[in-house]
Amino acid sequence: MTELNTKLIARAMGLLLCVIAAAMALPLGWSLYYQSGDSLAFFVSMFVAGIPGILLARIPVQGDIRLRESFVIVSGGWLLCALAGAIPFLIAGTFTNLPDALFEAMSGFTTTGATVIADVESQPAGILFWRSLLHWLGGLGIIVFSVVLIPRLGTGGFQLFKAEVPGVQIERIKPKLRETAKVLLIIYLSLTLAEAILLWLAGMSFFEALSHSLATIATGGFSSRAESIGGYSSTLIEVIVMVFTFLSGVNFALYHGIFSRRGYQSLIRNQEFKTYVGIVITATLLLTVTLLGTYSPGQALRHGSFQVVTIVTTTGYSTADFNTWPDISRTILLLLMFVGACTGSTAGSVKILRWQLIAKHAYREVNKFLHPKAVLPIRHDGEIVPENVINQVFAFTGLYMGLFVLGTLCMLGMGLDLLSAASSVAAILGNVGPGLGSVGPMASYAHLPTAGKLLLTFMMLIGRLEIFSVLAILTPAFWKR
Amino acid sequence: MLIIVIGAGKVGFRVARQLVQESHDVVLIDIDKERLEPAREILDAMTIHGNGAAPKVLERAGVQRADMVIAVTGQDEVNILACLTAKHYGVNITVARVRNPEYSTGSEALVKNELGVDFMIHPERLAAREMVDLLRMPAATEFRHFAGGTVELLGFKLGPSHSSLTGKTLAELKLEDCLVVAVDRDDTLLIPDGQTRLESGDHIYVLGKVGYFGRSCMFPGMRAGRIHSQIKSITVVGGGEIGFYTCQALEKLRRNGLTLKLIEKDAGRARWLAENLPYTLVIHGDGTNVDLLDHENIGGTDAFIATTGHDETNIMAALLANRLGVGEVIIRLEREEYAPVAEAAGIHATVVPRLIMASTILKLLQGDRLLDITFLKRGKATVLEAMVFQGAPVSRKPLKSVGFPKNALIGMIIRENETIIPKGKDQVMPGDRVVVFSLEEAVPKVRKALGL
């Protein structure tokens with residue numbers, strides 16, 4: 001192996017910093033419009049992030065991005081973005097220490113939506129918008145990363161993706177990387193604008209409509225209200241948010257498929273999408289039934305369906321304090337945190353495709369008992385899934401569960417109760433946001449010890465980047481020449 | 001006509017023999033001297049030792065004067081190249097046997113004259129189609145279609161369940177909408193007349209109008225149906241081309257509850273099959289292994305098809321399946337000589353790819369007049385479907401005064417949309433299509449009478 005192309009990495013980091021600095025102009029605009037008093041913070045932050053960004057971006061480079069560089073760029077990039085994103089929080093005085101600011105920014109970029117701000121509603125407009133924008137940028141990053149970059153890398157855990165978007169082969173969306181990214185950006189933007197306009201028409205202020213829309217499409221979950229979407233007490237708003245949250249959990253490559261010549265067939269024929277719909281409906285019915293003792297049937301369905309969609313897509317919005325629900329309802333929600341929505345969406349967690357492949361593998365093993373000599377390849381959407389992909393899926397899911405257990409132990413060690421410890425790690429690793437117990441939807445992560453916050457910050461990153469690319473960098477072999 | 005046959009293997013030999021019988025000039029080319037030996041001894045044909053795709057060799061065979069080149073070596077590429085070369089010399093019709101579907105599907109360029117192969121024949125696919133047809137009529141030994149599906153031919157053995165038929169003359173039976181065209185008694189074929197008495201153990205061939213065998217058939221247990229009405233599970237042994245195509249065709253019936261098992265010996269091939277046959281359970285193993293057949297509960301399946309390239313394996317596997325209690329057993333045979341042995345052992349249907357191949361080539365040879373030709377009983381009998389042209393000796397006279405060859409029979413006349421079972425006073429008109437059943441020795445006379 002040759003040495004890492006550090007200049008190339010530095011330049012990529014510089015470009016990222018420039019993007020972040022440029023993005024700060026938006027919250028700056030809102031803070032000026034609302035005279036919310038955090039304008040100076042954003043103004044200064046733009047320079048703090050932008051100047052090193054410009055300097056790094058000017059570094060002359062040669063050579064191509066290889067696999068190893070891309071690992072560093074992706075993992076390091078997310079960390080750097082979180083650091084840069086934390087600057088306005090520190091300068092504006094939202095937080096007084098770096099771990100809190102980093103937690104909040106990482107929670108934004110990884111579209112987790114877990115907050116350490118105890119009192120959201122007292123925050124200035126710029127800061128509130130910045131949190132939502134972090135979601136949106138992170139979501140865009142993950143879409144481009146997973147739909148454009150991963151299939152190109154073509155090795156390791158990433159081969160999953162080739163098997164995962166059958167029929168809608170990403171390479172065939174548009175022959176060029178740039179074109180593909182452009183199509184995805186258009187879809188992403190259109191969904192965001194559509195939701196923002198609908199929410200605005202439904203009675204939100206345009207500022208709030210846009211903030212929530214940015215956070216929904218990215219399946220983030222930051223809200224400018226302490227009671228999240230429930231704070232509006234409007235069924236219409238809840239339905240709009242729910243529909244768009246659901247849509248954000250669909251593989252974005254499929255949206256492209258709809259507009260291509262295959263039409264809705266590409267959606268209907270997609271097994272993962274069908275399972276996604278099935279899971280949402282089943283879980284909604286289950287949850288509604290368990291809530292009948294708590295609410296009237298209509299209210300049970302209203303809160304049940306909203307919570308299922310928002311948890312399964314790892315968004316984490318709430319219309320009610322589900323922490324006060326019966327144990328069975330809370331357990332259903334906790335389990336949903338491990339499901340995740342479709343691959344190629346902004347959702348986190350294990351994702352449906354992986355569970356499908358695991359189920360298919362299990363079914364095959366049962367079949368092997370009956371027919372020991374049978375040759376049984378695993379198929380998904382009519383395509384053969386290579387055996388190494390199955391291995392990758394098991395490795396991923398195994399690691400995911402291992403990290404969950406390990407994380408829970410650490411959190412217990414820091415003095416949390418079992419429910420809060422387990423649910424916080426599940427919600428953070430799956431990029432959901434709020435957990436149960438002391439980290440419930442109406443509470444925050446502010447009360448955790450600093451070590452706990454740092455651990456969870458790292459777990460957000462690891463969960464977001466699908467474990468392998470982060471862990472690869474941490475192996476000694478990666479750094480050996 | 002001068003016809004060059006390239007490849008003196010089983011198919012090549014069979015085709016050459018047929019062509020010689022039809023008094024064509026035949027040149028047989030093969031790269032293997034030993035394979036030419038039997039041809040030189042038995043056939044009245046010229047044999048050339050050499051590479052049939054090489055221009056020099058083809059020139060020696062007289063390719064400039066040849067009317068037709070038939071390339072049936074074991075290698076697709078050689079066959080295609082031989083046809084291209086022959087076309088270059090101005091040969092009218094070129095025929096290539098192509099096994100690999102990658103050459104014959106998708107691209108029209110290779111087939112549609114542009115490159116020079118006029119006809120690509122895929123014997124394995126044809127054989128698979130015949131196997132599937134046989135499944136529609138589980139008790140039959142033969143079940144074929146003619147005249148675009150408007151006429152069906154059924155062959156079966158009269159057993160104890162046919163007591164209503166045996167011991168009576170055909171005139172007494174008063175059959176309607178069908179005609180007994182041949183009776184095979186003690187391995188001798190005869191064309192029956194009204195006085196012929198059917199006996200138990202006879203193997204009879206019946207022509208029927210479309211749907212007859214599915215509807216009001218007088219023959220007990222001989223109702224043709226959809227495959228899935230009688231067969232729910234099928235085991236195929238041998239995942240070669242024939243096995244693959246058979247399964248592929250049968251997979252379409254999965255929605256009707258048909259389950260398929262395919263046993264293949266080679267691990268790599270089994271993997272390929274499993275990947276390409278999504279609704280077939282592919283088992284890697286030996287189809288003659290009793291333990292495997294037992295474990296996979298082969299005795300519980302309704303039909304068993306052996307399609308490997310080894311006749312001995314197929315017969316062995318079929319016998320095992322028979323013993324395990326499978327009702328319907330069909331095997332592929334390369335050597336048609338084994339067919340009587342197989343039949344004697346209780347395997348009641350055999351499919352011989354090279355017979356199919358030979359009949360297909362003969363069909364091509366006759367152009368638009370001979371519409372179909374099928375060999376039965378290892379070539380001892382032939383079923384022809386032909387168009388009757390203006391001036392054919394058989395036309396415009398009552399059939400009893402035509403002097404139609406003795407060992408042949410016009411079984412069906414298709415006029416416009418009407419199918420007629422002819423009587424002595426009926427006439428064949430130009431423009432009619434006829435289905436003729438003929439014994440081997442009468443075929444040349446039949447062709448003369450039909451003006452072919």
# chains A, B, ... in the order shown; residues from 1 in each chain; ligands from 1
>>> interface_residues(of="chain A", to="chain B", cutoff="9 Å", atoms="only C-alpha atoms", output="PyMOL selection string")
chain A and resi 370-379+382-384
>>> residues_around(residues="B:Thr188", least_positions_apart="6", cutoff="12 Å", atoms="only C-alpha atoms", output="PyMOL selection string")
chain B and resi 182+202-204+377+380-381+439-440
>>> write_last_selection(atoms="C-alpha atoms", output="CSV table (one decimal), in the first residue's frame")
chain,number,residue,atom,x,y,z
B,182,ALA,CA,-51.6,-47.3,-37.0
B,202,ASP,CA,-51.5,-53.2,-29.0
B,203,HIS,CA,-49.8,-49.9,-29.3
B,204,ILE,CA,-52.1,-47.7,-31.2
B,377,LYS,CA,-41.2,-45.7,-33.6
B,380,LYS,CA,-40.3,-46.8,-38.7
B,381,ALA,CA,-43.3,-44.5,-39.2
B,439,LEU,CA,-44.7,-46.5,-42.8
B,440,GLU,CA,-41.0,-46.1,-43.5
>>> atom_distance(atom1="atom CA of B:Leu2", atom2="atom CA of B:Val27")
7.7 Å
>>> select_by_dssp(residues="stretch 342-406 of chain B", states="helix (DSSP H, G or I)", output="list in words")
Ala342, Glu343, Ala344, Pro353, Arg354, Leu355, Ile356, Met357, Ala358, Ser359, Thr360, Ile361, Leu362, Lys363, Leu364, Leu365, Lys377, Arg378, Gly379, Leu399, Lys400 and Ser401 of chain B
>>> write_last_selection(atoms="C-alpha atoms", output="short mmCIF file (atom, residue, chain, number, x, y, z; two decimals), in the first residue's frame")
data_model
loop_
_atom_site.label_atom_id
_atom_site.label_comp_id
_atom_site.auth_asym_id
_atom_site.auth_seq_id
_atom_site.Cartn_x
_atom_site.Cartn_y
_atom_site.Cartn_z
CA ALA B 342 -36.59 -48.87 -22.10
CA GLU B 343 -40.17 -49.55 -23.04
CA ALA B 344 -39.89 -53.16 -22.00
CA PRO B 353 -33.27 -35.28 -29.75
CA ARG B 354 -31.56 -36.34 -32.90
CA LEU B 355 -34.80 -37.58 -34.45
CA ILE B 356 -36.27 -34.19 -33.78
CA MET B 357 -33.20 -32.62 -35.33
CA ALA B 358 -33.43 -34.77 -38.43
CA SER B 359 -37.12 -34.08 -38.96
CA THR B 360 -36.56 -30.37 -38.57
CA ILE B 361 -33.86 -30.38 -41.21
CA LEU B 362 -36.02 -32.36 -43.61
CA LYS B 363 -38.78 -29.89 -43.12
CA LEU B 364 -36.43 -27.10 -44.17
CA LEU B 365 -35.33 -29.08 -47.17
CA LYS B 377 -41.18 -45.68 -33.58
CA ARG B 378 -37.53 -44.88 -34.14
CA GLY B 379 -38.19 -43.80 -37.71
CA LEU B 399 -59.52 -41.12 -52.45
CA LYS B 400 -60.44 -44.76 -53.12
CA SER B 401 -59.54 -44.33 -56.80
#
>>> residues_around(residues="stretch 279-291 of chain A", least_positions_apart="6", cutoff="8 Å", atoms="only C-alpha atoms", output="list in words")
Pro297, Ala300, Leu301, His303, Gly304, Ser305, Val308, Val309, Val312, Trp325, Pro326, Ile328, Ser329 and Ile332 of chain A
>>> atom_distance(atom1="atom CA of A:Leu471", atom2="atom CA of A:Val389")
18.0 Å
>>> closest_residue(among="B:Lys209, B:Arg129, B:Arg433, B:Arg254", to="B:Leu450", atoms="only C-alpha atoms")
B:Arg433
>>> atom_distance(atom1="atom CA of B:Ile6", atom2="atom CA of B:Ala96")
9.4 Å
>>> residues_around(residues="stretch 59-70 of chain B", least_positions_apart="4", cutoff="8 Å", atoms="only C-alpha atoms", output="list of chain:residue names")
B:Met1, B:Leu2, B:Ile3, B:Ile4, B:Val5, B:Ile6, B:Val27, B:Ile48, B:Pro55, B:Cys83, B:Ala86, B:Tyr89, B:Gly90, B:Val91, B:Asn92, B:Ile93, B:Thr94, B:Val95, B:Ala96
>>> residues_around(residues="A:Phe306", least_positions_apart="4", cutoff="12 Å", atoms="only C-alpha atoms", output="PyMOL selection string")
chain A and resi 229-230+235-246+280-281+283-285+287-288+299-302+310-313+315-320+322+333
>>> residues_around(residues="A:Thr346", least_positions_apart="4", cutoff="9 Å", atoms="only C-alpha atoms", output="VMD selection string")
chain A and resid 111 138 to 140 142 to 143 217 to 220 248 to 252 313 to 314 341 to 342
>>> write_last_selection(atoms="C-alpha atoms", output="PDB file, in the first residue's frame")
ATOM      1  CA  THR A 111     -29.632  13.456  11.139  1.00  0.00           C
ATOM      2  CA  GLY A 138     -26.073  15.906   6.533  1.00  0.00           C
ATOM      3  CA  GLY A 139     -29.026  14.215   4.843  1.00  0.00           C
ATOM      4  CA  LEU A 140     -27.916  15.439   1.465  1.00  0.00           C
ATOM      5  CA  ILE A 142     -25.684  10.772   3.184  1.00  0.00           C
ATOM      6  CA  ILE A 143     -27.820  10.502   0.070  1.00  0.00           C
ATOM      7  CA  ILE A 217     -36.597  15.272   4.664  1.00  0.00           C
ATOM      8  CA  ALA A 218     -33.265  14.526   6.299  1.00  0.00           C
ATOM      9  CA  THR A 219     -35.102  12.287   8.823  1.00  0.00           C
ATOM     10  CA  GLY A 220     -33.420  14.406  11.483  1.00  0.00           C
ATOM     11  CA  SER A 248     -38.038  10.418   3.236  1.00  0.00           C
ATOM     12  CA  GLY A 249     -37.657   6.805   4.316  1.00  0.00           C
ATOM     13  CA  VAL A 250     -37.942   5.581   0.725  1.00  0.00           C
ATOM     14  CA  ASN A 251     -34.863   4.853  -1.341  1.00  0.00           C
ATOM     15  CA  PHE A 252     -34.213   8.042  -3.279  1.00  0.00           C
ATOM     16  CA  THR A 313     -37.593   6.386   9.567  1.00  0.00           C
ATOM     17  CA  THR A 314     -35.291   7.333  12.479  1.00  0.00           C
ATOM     18  CA  ALA A 341     -36.319   2.484   6.726  1.00  0.00           C
ATOM     19  CA  CYS A 342     -35.080   1.730   3.215  1.00  0.00           C
TER      20      CYS A 342
END
